[in-house]
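Reading through the structure tokens given below for one structure.
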2 protein chains.
Amino acid sequence: MKYSQATDYALHAMLYLVAEAPDKPVSVQLLAEKLGVSQTYLSKMLTKLVKAGLIHSVSGANGGYKLKRNQDDISFLDVIQAIEGTTSLFECSFHHDSACLIQQVVADAEQQMMHTLKNKKIADLVPHIPKP
Amino acid sequence: MKYSQATDYALHAMLYLVAEAPDKPVSVQLLAEKLGVSQTYLSKMLTKLVKAGLIHSVSGANGGYKLKRNQDDISFLDVIQAIEGTTSLFECSFHHDSACLIQQVVADAEQQMMHTLKNKKIADLVPHIPKP
DNA sequence: TCATTCGTAGACTTATCGTATCTATAATAT
DNA sequence: ATATTATAGATACGATAAGTCTACGAATGA
Ligand code: SF4
Ligand code: SF4
């Protein structure tokens, strides 16, 4: 069980947007080049981020993507859930109890993780970006 | 991103073993019937649990599986890791920094979850098993 | 000893999902 | 208008999960 590689791309793209966040939108072409991934594929993830309300897209010449919200509001959880979805980590196959304990234990644990990811903002690590 | 269904089966099998834990080993045939899954498939998971040192197998007539450790020592994390493996939730594609922050944030969050799963023992919810 | 019962292991098939590409379309700046 | 850029859908490919089948080995008991 792993996060998809798409999440990896999305996190890096967001980090770039937050770090270099100018007024000008940055094109998927530039981002894709930085990340070493194809434009068309990366655009799928960016579109998901748009639909999640994290970034804003501008069509046409000199268009691209820029942040929508205040950058300090964007957490790791936001990005991850935008890509991976919000379905819970564990779903039992039988459902014979509405308040089942196995499910509840795993859900609890997942909540712990989500809490940490929610409190960590992308902007938090801008000062520490490693050199590519 | 979800836990595999195999984890679901393994957790239920363990719960059954802990709850009904007699001296006599319980056969995969019985377990498979209880869980509504084929014997051969379930046996794969049980074999993983054996290799992880959680249960003990007895060959031959009247054989089967029984707990190895003290049942109070068996945590959710033990079972989950036996099935899913122990590779971390997130691995970046570039690795240009040995102490990368993106990776570290996610790893931290995962640790939170693992901590919760480690403190929760299978035996904890024996008193609350729902009726199938 | 021999047949029966039961776990182990590997090869194998099938289904599902992540990864990736291509193409057509809509929106916008110059 | 034309070039530029995001969006959407179809499609193909590959990896992994899910599940089956069969042969083998170990223990029991008759
Ligand atoms: S015991 Fe809980 S997790 Fe298992 S099948 Fe029933 S409701 Fe689902
Ligand atoms: S920034 Fe961190 S997570 Fe991203 S590629 Fe570099 S080391 Fe990996």
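Going by the structure tokens order, chains are called A, B, ..., each with residues numbered from 1, while ligands are numbered from 1 in the order shown.
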Quick one: contact table of chain B to chain D, 6 Å max, nearest atom pair and distance in Å to one decimal per residue, counting only C-alpha atoms (C1' of nucleotides), chain and number order, as CSV?
```
residue,atom,partner,partner_atom,distance
B:Ser59,CA,D:DA27,C1',5.6
B:Gly60,CA,D:DA27,C1',3.9
B:Ala61,CA,D:DT28,C1',5.1
```
Keeping only N, CA, C and O atoms, take the residues you just selected and write them out as a compact mmCIF listing (two decimals), in the first residue's frame.
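Result written to out_28.txt:
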```txt
# COMPACT_ATOMS: atom_id res chain seq x y z
N SER B 59 0.90 -29.19 11.11
CA SER B 59 0.55 -30.02 9.97
C SER B 59 -0.17 -31.28 10.41
O SER B 59 -0.24 -31.58 11.59
N GLY B 60 -0.68 -31.98 9.41
CA GLY B 60 -1.27 -33.28 9.69
C GLY B 60 -2.69 -33.24 10.21
O GLY B 60 -3.27 -32.17 10.40
N ALA B 61 -3.23 -34.39 10.40
CA ALA B 61 -4.61 -34.51 10.86
C ALA B 61 -4.81 -33.75 12.16
O ALA B 61 -3.92 -33.74 13.02
```
Overlay target chain B, mobile chain A, all C-alpha paired in order, as a short mmCIF file (atom, residue, chain, number, x, y, z; two decimals) with N, CA and C atoms, in the first residue's frame:
```
data_model
loop_
_atom_site.label_atom_id
_atom_site.label_comp_id
_atom_site.auth_asym_id
_atom_site.auth_seq_id
_atom_site.Cartn_x
_atom_site.Cartn_y
_atom_site.Cartn_z
N MET A 1 -5.80 4.84 -2.59
CA MET A 1 -4.91 4.08 -1.72
C MET A 1 -5.69 3.40 -0.60
N LYS A 2 -5.65 2.10 -0.62
CA LYS A 2 -6.39 1.36 0.40
C LYS A 2 -5.59 0.15 0.87
N TYR A 3 -5.92 -0.30 2.04
CA TYR A 3 -5.38 -1.58 2.46
C TYR A 3 -6.02 -2.66 1.61
N SER A 4 -5.26 -3.70 1.33
CA SER A 4 -5.79 -4.76 0.49
C SER A 4 -6.84 -5.56 1.26
N GLN A 5 -7.65 -6.25 0.48
CA GLN A 5 -8.70 -7.06 1.08
C GLN A 5 -8.08 -8.19 1.90
N ALA A 6 -6.89 -8.58 1.50
CA ALA A 6 -6.18 -9.62 2.25
C ALA A 6 -5.99 -9.21 3.70
N THR A 7 -5.73 -7.93 3.92
CA THR A 7 -5.60 -7.44 5.29
C THR A 7 -6.91 -7.59 6.04
N ASP A 8 -7.98 -7.34 5.38
CA ASP A 8 -9.30 -7.52 5.97
C ASP A 8 -9.47 -8.97 6.43
N TYR A 9 -9.17 -9.89 5.55
CA TYR A 9 -9.29 -11.30 5.90
C TYR A 9 -8.39 -11.66 7.08
N ALA A 10 -7.16 -11.19 7.00
CA ALA A 10 -6.20 -11.53 8.05
C ALA A 10 -6.64 -11.01 9.40
N LEU A 11 -7.15 -9.79 9.43
CA LEU A 11 -7.60 -9.23 10.70
C LEU A 11 -8.75 -10.05 11.28
N HIS A 12 -9.67 -10.42 10.40
CA HIS A 12 -10.81 -11.20 10.89
C HIS A 12 -10.38 -12.59 11.34
N ALA A 13 -9.46 -13.17 10.60
CA ALA A 13 -8.97 -14.49 11.00
C ALA A 13 -8.29 -14.42 12.36
N MET A 14 -7.48 -13.40 12.55
CA MET A 14 -6.80 -13.24 13.83
C MET A 14 -7.80 -13.00 14.95
N LEU A 15 -8.78 -12.20 14.66
CA LEU A 15 -9.78 -11.91 15.68
C LEU A 15 -10.47 -13.21 16.10
N TYR A 16 -10.74 -14.03 15.12
CA TYR A 16 -11.37 -15.31 15.43
C TYR A 16 -10.45 -16.18 16.28
N LEU A 17 -9.19 -16.23 15.89
CA LEU A 17 -8.24 -17.05 16.63
C LEU A 17 -8.10 -16.57 18.07
N VAL A 18 -8.03 -15.27 18.22
CA VAL A 18 -7.88 -14.72 19.57
C VAL A 18 -9.13 -14.97 20.39
N ALA A 19 -10.26 -14.77 19.76
CA ALA A 19 -11.52 -14.88 20.50
C ALA A 19 -11.81 -16.32 20.90
N GLU A 20 -11.62 -17.22 19.97
CA GLU A 20 -11.99 -18.61 20.21
C GLU A 20 -10.78 -19.44 20.63
N ALA A 21 -9.67 -18.77 20.82
CA ALA A 21 -8.39 -19.45 21.04
C ALA A 21 -8.47 -20.64 22.00
N PRO A 22 -8.60 -21.81 21.46
CA PRO A 22 -8.56 -22.99 22.31
C PRO A 22 -7.16 -23.58 22.22
N ASP A 23 -6.94 -24.71 22.85
CA ASP A 23 -5.67 -25.39 22.70
C ASP A 23 -5.57 -25.98 21.30
N LYS A 24 -6.70 -26.45 20.83
CA LYS A 24 -6.70 -27.11 19.53
C LYS A 24 -6.47 -26.09 18.41
N PRO A 25 -5.63 -26.44 17.48
CA PRO A 25 -5.46 -25.58 16.30
C PRO A 25 -6.75 -25.57 15.48
N VAL A 26 -6.99 -24.46 14.82
CA VAL A 26 -8.17 -24.38 13.97
C VAL A 26 -7.73 -24.40 12.50
N SER A 27 -8.42 -25.18 11.73
CA SER A 27 -8.00 -25.42 10.35
C SER A 27 -8.39 -24.26 9.44
N VAL A 28 -7.67 -24.15 8.35
CA VAL A 28 -7.96 -23.11 7.39
C VAL A 28 -9.35 -23.34 6.78
N GLN A 29 -9.74 -24.59 6.74
CA GLN A 29 -11.05 -24.92 6.19
C GLN A 29 -12.17 -24.23 6.98
N LEU A 30 -12.06 -24.32 8.30
CA LEU A 30 -13.07 -23.71 9.15
C LEU A 30 -13.04 -22.18 9.01
N LEU A 31 -11.83 -21.64 9.07
CA LEU A 31 -11.69 -20.19 8.97
C LEU A 31 -12.25 -19.67 7.65
N ALA A 32 -11.90 -20.37 6.59
CA ALA A 32 -12.35 -19.93 5.27
C ALA A 32 -13.87 -19.95 5.17
N GLU A 33 -14.45 -20.93 5.80
CA GLU A 33 -15.90 -21.03 5.78
C GLU A 33 -16.52 -19.85 6.53
N LYS A 34 -15.95 -19.54 7.67
CA LYS A 34 -16.45 -18.42 8.48
C LYS A 34 -16.35 -17.10 7.72
N LEU A 35 -15.26 -16.94 7.00
CA LEU A 35 -15.01 -15.65 6.35
C LEU A 35 -15.59 -15.59 4.94
N GLY A 36 -16.01 -16.72 4.43
CA GLY A 36 -16.55 -16.72 3.09
C GLY A 36 -15.50 -16.47 2.03
N VAL A 37 -14.37 -17.14 2.17
CA VAL A 37 -13.29 -16.99 1.20
C VAL A 37 -12.70 -18.37 0.97
N SER A 38 -12.04 -18.55 -0.17
CA SER A 38 -11.53 -19.87 -0.50
C SER A 38 -10.37 -20.26 0.42
N GLN A 39 -10.25 -21.54 0.64
CA GLN A 39 -9.20 -22.03 1.53
C GLN A 39 -7.81 -21.67 1.02
N THR A 40 -7.60 -21.94 -0.25
CA THR A 40 -6.25 -21.76 -0.78
C THR A 40 -5.80 -20.31 -0.71
N TYR A 41 -6.75 -19.44 -0.93
CA TYR A 41 -6.38 -18.03 -0.88
C TYR A 41 -6.10 -17.59 0.55
N LEU A 42 -6.99 -17.96 1.45
CA LEU A 42 -6.80 -17.59 2.85
C LEU A 42 -5.49 -18.16 3.39
N SER A 43 -5.14 -19.34 2.92
CA SER A 43 -3.93 -19.97 3.44
C SER A 43 -2.68 -19.14 3.13
N LYS A 44 -2.74 -18.42 2.04
CA LYS A 44 -1.60 -17.55 1.71
C LYS A 44 -1.39 -16.50 2.80
N MET A 45 -2.49 -15.93 3.24
CA MET A 45 -2.38 -14.88 4.26
C MET A 45 -1.93 -15.47 5.59
N LEU A 46 -2.50 -16.63 5.89
CA LEU A 46 -2.12 -17.26 7.16
C LEU A 46 -0.65 -17.65 7.15
N THR A 47 -0.17 -18.06 6.02
CA THR A 47 1.25 -18.38 5.92
C THR A 47 2.11 -17.13 6.17
N LYS A 48 1.63 -16.01 5.68
CA LYS A 48 2.36 -14.77 5.97
C LYS A 48 2.37 -14.47 7.47
N LEU A 49 1.24 -14.72 8.10
CA LEU A 49 1.17 -14.48 9.54
C LEU A 49 2.12 -15.43 10.29
N VAL A 50 2.24 -16.64 9.77
CA VAL A 50 3.18 -17.59 10.37
C VAL A 50 4.60 -17.05 10.26
N LYS A 51 4.94 -16.60 9.05
CA LYS A 51 6.30 -16.10 8.83
C LYS A 51 6.58 -14.85 9.65
N ALA A 52 5.53 -14.13 9.96
CA ALA A 52 5.71 -12.94 10.79
C ALA A 52 5.79 -13.30 12.26
N GLY A 53 5.59 -14.58 12.55
CA GLY A 53 5.73 -15.02 13.93
C GLY A 53 4.51 -14.76 14.80
N LEU A 54 3.38 -14.51 14.20
CA LEU A 54 2.19 -14.22 14.99
C LEU A 54 1.44 -15.49 15.35
N ILE A 55 1.41 -16.42 14.43
CA ILE A 55 0.72 -17.67 14.70
C ILE A 55 1.64 -18.83 14.40
N HIS A 56 1.15 -19.99 14.74
CA HIS A 56 1.94 -21.19 14.64
C HIS A 56 1.13 -22.20 13.83
N SER A 57 1.77 -22.93 12.96
CA SER A 57 1.02 -23.87 12.15
C SER A 57 1.35 -25.31 12.54
N VAL A 58 0.34 -26.15 12.44
CA VAL A 58 0.52 -27.56 12.76
C VAL A 58 0.05 -28.38 11.56
N SER A 59 0.95 -29.10 10.97
CA SER A 59 0.60 -29.91 9.81
C SER A 59 -0.12 -31.18 10.25
N GLY A 60 -0.63 -31.88 9.25
CA GLY A 60 -1.22 -33.19 9.52
C GLY A 60 -2.63 -33.14 10.06
N ALA A 61 -3.16 -34.31 10.25
CA ALA A 61 -4.54 -34.44 10.72
C ALA A 61 -4.74 -33.68 12.02
N ASN A 62 -5.91 -33.06 12.13
CA ASN A 62 -6.23 -32.25 13.30
C ASN A 62 -5.28 -31.07 13.46
N GLY A 63 -4.62 -30.74 12.39
CA GLY A 63 -3.71 -29.61 12.45
C GLY A 63 -4.46 -28.31 12.22
N GLY A 64 -3.68 -27.28 11.96
CA GLY A 64 -4.28 -25.97 11.72
C GLY A 64 -3.39 -24.88 12.27
N TYR A 65 -4.01 -23.80 12.68
CA TYR A 65 -3.25 -22.67 13.18
C TYR A 65 -3.67 -22.32 14.60
N LYS A 66 -2.70 -21.92 15.37
CA LYS A 66 -3.01 -21.36 16.69
C LYS A 66 -2.04 -20.24 17.00
N LEU A 67 -2.40 -19.47 17.97
CA LEU A 67 -1.57 -18.32 18.31
C LEU A 67 -0.20 -18.75 18.78
N LYS A 68 0.78 -17.93 18.49
CA LYS A 68 2.13 -18.22 18.93
C LYS A 68 2.45 -17.39 20.17
N ARG A 69 2.37 -16.10 19.99
CA ARG A 69 2.67 -15.21 21.11
C ARG A 69 1.52 -15.16 22.11
N ASN A 70 1.80 -14.46 23.18
CA ASN A 70 0.74 -14.09 24.09
C ASN A 70 -0.23 -13.21 23.32
N GLN A 71 -1.48 -13.51 23.41
CA GLN A 71 -2.46 -12.82 22.58
C GLN A 71 -2.52 -11.32 22.87
N ASP A 72 -2.12 -10.94 24.07
CA ASP A 72 -2.15 -9.51 24.39
C ASP A 72 -1.01 -8.76 23.73
N ASP A 73 -0.10 -9.48 23.13
CA ASP A 73 1.02 -8.83 22.47
C ASP A 73 0.75 -8.53 21.00
N ILE A 74 -0.33 -9.09 20.47
CA ILE A 74 -0.56 -8.97 19.04
C ILE A 74 -1.36 -7.72 18.72
N SER A 75 -0.70 -6.82 18.03
CA SER A 75 -1.35 -5.55 17.73
C SER A 75 -1.91 -5.55 16.30
N PHE A 76 -2.73 -4.57 16.02
CA PHE A 76 -3.21 -4.37 14.66
C PHE A 76 -2.04 -4.16 13.71
N LEU A 77 -1.07 -3.41 14.18
CA LEU A 77 0.07 -3.13 13.33
C LEU A 77 0.79 -4.41 12.92
N ASP A 78 0.93 -5.33 13.85
CA ASP A 78 1.59 -6.60 13.54
C ASP A 78 0.89 -7.29 12.37
N VAL A 79 -0.41 -7.38 12.45
CA VAL A 79 -1.16 -8.08 11.42
C VAL A 79 -1.07 -7.34 10.09
N ILE A 80 -1.28 -6.05 10.14
CA ILE A 80 -1.27 -5.26 8.92
C ILE A 80 0.08 -5.32 8.23
N GLN A 81 1.13 -5.17 9.02
CA GLN A 81 2.47 -5.21 8.41
C GLN A 81 2.82 -6.59 7.89
N ALA A 82 2.31 -7.61 8.54
CA ALA A 82 2.58 -8.97 8.05
C ALA A 82 2.02 -9.14 6.64
N ILE A 83 0.90 -8.51 6.37
CA ILE A 83 0.27 -8.66 5.06
C ILE A 83 0.75 -7.61 4.07
N GLU A 84 0.75 -6.38 4.50
CA GLU A 84 1.05 -5.28 3.58
C GLU A 84 2.54 -5.04 3.40
N GLY A 85 3.32 -5.57 4.28
CA GLY A 85 4.74 -5.29 4.23
C GLY A 85 5.07 -4.05 5.04
N THR A 86 6.35 -3.70 5.06
CA THR A 86 6.75 -2.59 5.92
C THR A 86 7.32 -1.41 5.14
N THR A 87 7.20 -1.47 3.83
CA THR A 87 7.71 -0.34 3.06
C THR A 87 6.87 0.89 3.35
N SER A 88 7.54 2.03 3.34
CA SER A 88 6.84 3.23 3.77
C SER A 88 5.86 3.72 2.72
N LEU A 89 4.90 4.46 3.22
CA LEU A 89 3.76 4.93 2.44
C LEU A 89 4.16 5.78 1.25
N PHE A 90 5.27 6.44 1.39
CA PHE A 90 5.64 7.43 0.39
C PHE A 90 7.13 7.35 0.09
N GLU A 91 7.45 7.25 -1.17
CA GLU A 91 8.85 7.26 -1.57
C GLU A 91 8.99 8.19 -2.75
N CYS A 92 9.86 9.15 -2.63
CA CYS A 92 10.01 10.12 -3.69
C CYS A 92 10.77 9.52 -4.85
N SER A 93 10.69 10.17 -5.99
CA SER A 93 11.26 9.60 -7.21
C SER A 93 12.68 10.09 -7.49
N PHE A 94 13.10 11.14 -6.78
CA PHE A 94 14.36 11.74 -7.16
C PHE A 94 15.47 11.52 -6.14
N HIS A 95 15.11 11.52 -4.89
CA HIS A 95 16.08 11.26 -3.82
C HIS A 95 17.24 12.23 -3.82
N HIS A 96 16.99 13.48 -4.11
CA HIS A 96 18.19 14.33 -4.14
C HIS A 96 18.59 14.89 -2.80
N ASP A 97 17.89 14.52 -1.77
CA ASP A 97 18.34 14.92 -0.44
C ASP A 97 18.09 13.77 0.53
N SER A 98 19.11 13.43 1.24
CA SER A 98 18.99 12.28 2.14
C SER A 98 18.02 12.56 3.28
N ALA A 99 17.90 13.80 3.66
CA ALA A 99 16.98 14.15 4.73
C ALA A 99 15.88 15.04 4.17
N CYS A 100 15.21 14.55 3.15
CA CYS A 100 14.24 15.38 2.48
C CYS A 100 13.02 15.65 3.34
N LEU A 101 12.47 16.83 3.17
CA LEU A 101 11.40 17.25 4.06
C LEU A 101 10.04 16.75 3.64
N ILE A 102 9.78 16.71 2.34
CA ILE A 102 8.50 16.16 1.91
C ILE A 102 8.36 14.74 2.43
N GLN A 103 9.38 13.97 2.16
CA GLN A 103 9.37 12.59 2.61
C GLN A 103 9.23 12.49 4.12
N GLN A 104 9.91 13.39 4.79
CA GLN A 104 9.92 13.35 6.24
C GLN A 104 8.55 13.67 6.82
N VAL A 105 7.87 14.61 6.23
CA VAL A 105 6.55 14.99 6.73
C VAL A 105 5.59 13.81 6.62
N VAL A 106 5.59 13.17 5.46
CA VAL A 106 4.68 12.05 5.27
C VAL A 106 5.07 10.89 6.18
N ALA A 107 6.38 10.67 6.30
CA ALA A 107 6.84 9.60 7.17
C ALA A 107 6.43 9.85 8.62
N ASP A 108 6.51 11.10 9.03
CA ASP A 108 6.08 11.47 10.37
C ASP A 108 4.61 11.11 10.58
N ALA A 109 3.81 11.51 9.63
CA ALA A 109 2.38 11.26 9.73
C ALA A 109 2.10 9.77 9.80
N GLU A 110 2.84 9.04 8.98
CA GLU A 110 2.65 7.59 8.97
C GLU A 110 3.02 7.00 10.33
N GLN A 111 4.04 7.56 10.92
CA GLN A 111 4.44 7.09 12.25
C GLN A 111 3.32 7.27 13.26
N GLN A 112 2.62 8.37 13.15
CA GLN A 112 1.50 8.62 14.05
C GLN A 112 0.48 7.49 13.94
N MET A 113 0.18 7.15 12.72
CA MET A 113 -0.80 6.10 12.49
C MET A 113 -0.29 4.77 13.02
N MET A 114 0.96 4.47 12.75
CA MET A 114 1.52 3.21 13.20
C MET A 114 1.53 3.12 14.72
N HIS A 115 1.77 4.24 15.34
CA HIS A 115 1.78 4.26 16.80
C HIS A 115 0.42 3.86 17.36
N THR A 116 -0.60 4.40 16.77
CA THR A 116 -1.96 4.06 17.21
C THR A 116 -2.25 2.58 16.96
N LEU A 117 -1.85 2.11 15.80
CA LEU A 117 -2.13 0.71 15.45
C LEU A 117 -1.31 -0.26 16.31
N LYS A 118 -0.19 0.22 16.78
CA LYS A 118 0.65 -0.65 17.60
C LYS A 118 0.10 -0.77 19.02
N ASN A 119 -0.52 0.29 19.47
CA ASN A 119 -1.05 0.28 20.84
C ASN A 119 -2.39 -0.43 20.94
N LYS A 120 -3.00 -0.66 19.80
CA LYS A 120 -4.29 -1.34 19.82
C LYS A 120 -4.08 -2.83 19.58
N LYS A 121 -4.46 -3.63 20.53
CA LYS A 121 -4.27 -5.07 20.39
C LYS A 121 -5.55 -5.73 19.88
N ILE A 122 -5.36 -6.81 19.18
CA ILE A 122 -6.52 -7.55 18.68
C ILE A 122 -7.42 -7.96 19.86
N ALA A 123 -6.79 -8.37 20.91
CA ALA A 123 -7.53 -8.86 22.07
C ALA A 123 -8.43 -7.77 22.67
N ASP A 124 -8.09 -6.52 22.42
CA ASP A 124 -8.86 -5.42 23.02
C ASP A 124 -10.33 -5.46 22.63
N LEU A 125 -10.61 -5.98 21.43
CA LEU A 125 -12.00 -5.89 21.01
C LEU A 125 -12.72 -7.22 21.00
N VAL A 126 -12.13 -8.18 21.63
CA VAL A 126 -12.82 -9.48 21.75
C VAL A 126 -14.18 -9.35 22.45
N PRO A 127 -14.26 -8.55 23.51
CA PRO A 127 -15.57 -8.46 24.19
C PRO A 127 -16.67 -7.86 23.32
N HIS A 128 -16.31 -7.26 22.20
CA HIS A 128 -17.31 -6.54 21.41
C HIS A 128 -17.54 -7.11 20.04
N ILE A 129 -17.26 -8.38 19.87
CA ILE A 129 -17.42 -8.95 18.54
C ILE A 129 -18.89 -8.95 18.13
N PRO A 130 -19.16 -8.40 16.98
CA PRO A 130 -20.55 -8.37 16.50
C PRO A 130 -21.00 -9.75 16.04
N LYS A 131 -22.28 -9.95 16.08
CA LYS A 131 -22.83 -11.23 15.62
C LYS A 131 -22.82 -11.30 14.10
N PRO A 132 -22.31 -12.37 13.57
CA PRO A 132 -22.34 -12.54 12.11
C PRO A 132 -23.77 -12.85 11.70
#
```
I need the residues in range 63-131 of chain B that are strand (DSSP E or B) according to DSSP; give them as an mmCIF file with all heavy atoms, in the first residue's frame.
```
data_model
loop_
_atom_site.group_PDB
_atom_site.id
_atom_site.type_symbol
_atom_site.label_atom_id
_atom_site.label_comp_id
_atom_site.auth_asym_id
_atom_site.auth_seq_id
_atom_site.Cartn_x
_atom_site.Cartn_y
_atom_site.Cartn_z
ATOM 1 N N GLY B 64 -3.760 -27.324 12.033
ATOM 2 C CA GLY B 64 -4.358 -26.021 11.804
ATOM 3 C C GLY B 64 -3.452 -24.915 12.318
ATOM 4 O O GLY B 64 -2.227 -25.070 12.346
ATOM 5 N N TYR B 65 -4.067 -23.841 12.729
ATOM 6 C CA TYR B 65 -3.294 -22.694 13.213
ATOM 7 C C TYR B 65 -3.702 -22.347 14.638
ATOM 8 O O TYR B 65 -4.868 -22.423 15.000
ATOM 9 C CB TYR B 65 -3.532 -21.482 12.320
ATOM 10 C CG TYR B 65 -3.114 -21.687 10.895
ATOM 11 C CD1 TYR B 65 -3.996 -22.151 9.937
ATOM 12 C CD2 TYR B 65 -1.813 -21.396 10.495
ATOM 13 C CE1 TYR B 65 -3.609 -22.335 8.625
ATOM 14 C CE2 TYR B 65 -1.410 -21.573 9.184
ATOM 15 C CZ TYR B 65 -2.317 -22.046 8.257
ATOM 16 O OH TYR B 65 -1.929 -22.227 6.965
ATOM 17 N N LYS B 66 -2.717 -21.954 15.401
ATOM 18 C CA LYS B 66 -3.036 -21.387 16.705
ATOM 19 C C LYS B 66 -2.056 -20.278 17.023
ATOM 20 O O LYS B 66 -0.996 -20.168 16.394
ATOM 21 C CB LYS B 66 -3.001 -22.470 17.786
ATOM 22 C CG LYS B 66 -1.647 -23.127 17.974
ATOM 23 C CD LYS B 66 -1.699 -24.165 19.089
ATOM 24 C CE LYS B 66 -0.305 -24.725 19.356
ATOM 25 N NZ LYS B 66 -0.330 -25.746 20.426
ATOM 26 N N LEU B 67 -2.409 -19.483 17.991
ATOM 27 C CA LEU B 67 -1.582 -18.330 18.329
ATOM 28 C C LEU B 67 -0.217 -18.763 18.810
ATOM 29 O O LEU B 67 -0.051 -19.817 19.432
ATOM 30 C CB LEU B 67 -2.272 -17.508 19.415
ATOM 31 C CG LEU B 67 -3.600 -16.881 19.004
ATOM 32 C CD1 LEU B 67 -4.186 -16.109 20.169
ATOM 33 C CD2 LEU B 67 -3.421 -15.987 17.800
ATOM 34 N N SER B 75 -0.687 -6.837 18.027
ATOM 35 C CA SER B 75 -1.326 -5.565 17.711
ATOM 36 C C SER B 75 -1.875 -5.563 16.283
ATOM 37 O O SER B 75 -1.531 -6.427 15.476
ATOM 38 C CB SER B 75 -0.324 -4.436 17.864
ATOM 39 O OG SER B 75 0.655 -4.529 16.853
ATOM 40 N N LYS B 121 -4.415 -3.638 20.503
ATOM 41 C CA LYS B 121 -4.237 -5.083 20.387
ATOM 42 C C LYS B 121 -5.515 -5.733 19.871
ATOM 43 O O LYS B 121 -6.621 -5.249 20.142
ATOM 44 C CB LYS B 121 -3.880 -5.688 21.745
ATOM 45 C CG LYS B 121 -2.779 -4.953 22.482
ATOM 46 C CD LYS B 121 -1.472 -4.972 21.718
ATOM 47 C CE LYS B 121 -0.386 -4.220 22.499
ATOM 48 N NZ LYS B 121 0.874 -4.114 21.756
#
```
Report task. Please identify every residue of chain C that has at least one atom no more than 6 Å from any atom of chain B, counting only C-alpha atoms (C1' of nucleotides), and report them as a ChimeraX atom specification. Result -> /C:5-7
Selection from above, N, CA and C atoms (P, O5', C5', C4', C3', O3' and C1' of nucleotides), as a compact mmCIF listing (two decimals), in the first residue's frame, can you write it?
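Wrote selection-v7.txt, looks like this:
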```txt
# COMPACT_ATOMS: atom_id res chain seq x y z
P DT C 5 -9.86 -37.73 5.12
O5' DT C 5 -9.02 -36.63 5.91
C5' DT C 5 -8.75 -36.83 7.30
C4' DT C 5 -7.70 -35.84 7.77
C3' DT C 5 -7.96 -34.39 7.37
O3' DT C 5 -7.83 -33.57 8.51
C1' DT C 5 -5.76 -35.02 6.82
P DC C 6 -8.58 -32.16 8.57
O5' DC C 6 -7.41 -31.12 8.26
C5' DC C 6 -6.35 -30.98 9.21
C4' DC C 6 -5.10 -30.48 8.54
C3' DC C 6 -5.25 -29.16 7.76
O3' DC C 6 -4.65 -28.10 8.48
C1' DC C 6 -3.76 -30.72 6.71
P DG C 7 -4.69 -26.59 7.89
O5' DG C 7 -3.16 -26.30 7.53
C5' DG C 7 -2.20 -26.32 8.56
C4' DG C 7 -0.79 -26.33 7.96
C3' DG C 7 -0.40 -25.04 7.24
O3' DG C 7 0.98 -24.76 7.49
C1' DG C 7 -0.29 -26.86 5.74
```
Report task. Give the alpha helix (DSSP H) residues of range 2-71 of chain B, as DSSP finds them on the backbone, and put them as a PyMOL selection string. Result -> chain B and resi 5-20+28-35+39-51
Report task. Measure the distance from C1' of DT8 in chain C to atom 5 (S, counted along the ligand's line) of ligand 1 in Å and round it to one decimal. Result -> 27.7 Å
Query raised in the report: Could you work out how far C1' of DT21 in chain C lies from atom 5 (S, counted along the ligand's line) of ligand 2, giving the answer in Å with one decimal?
Result: 23.8 Å
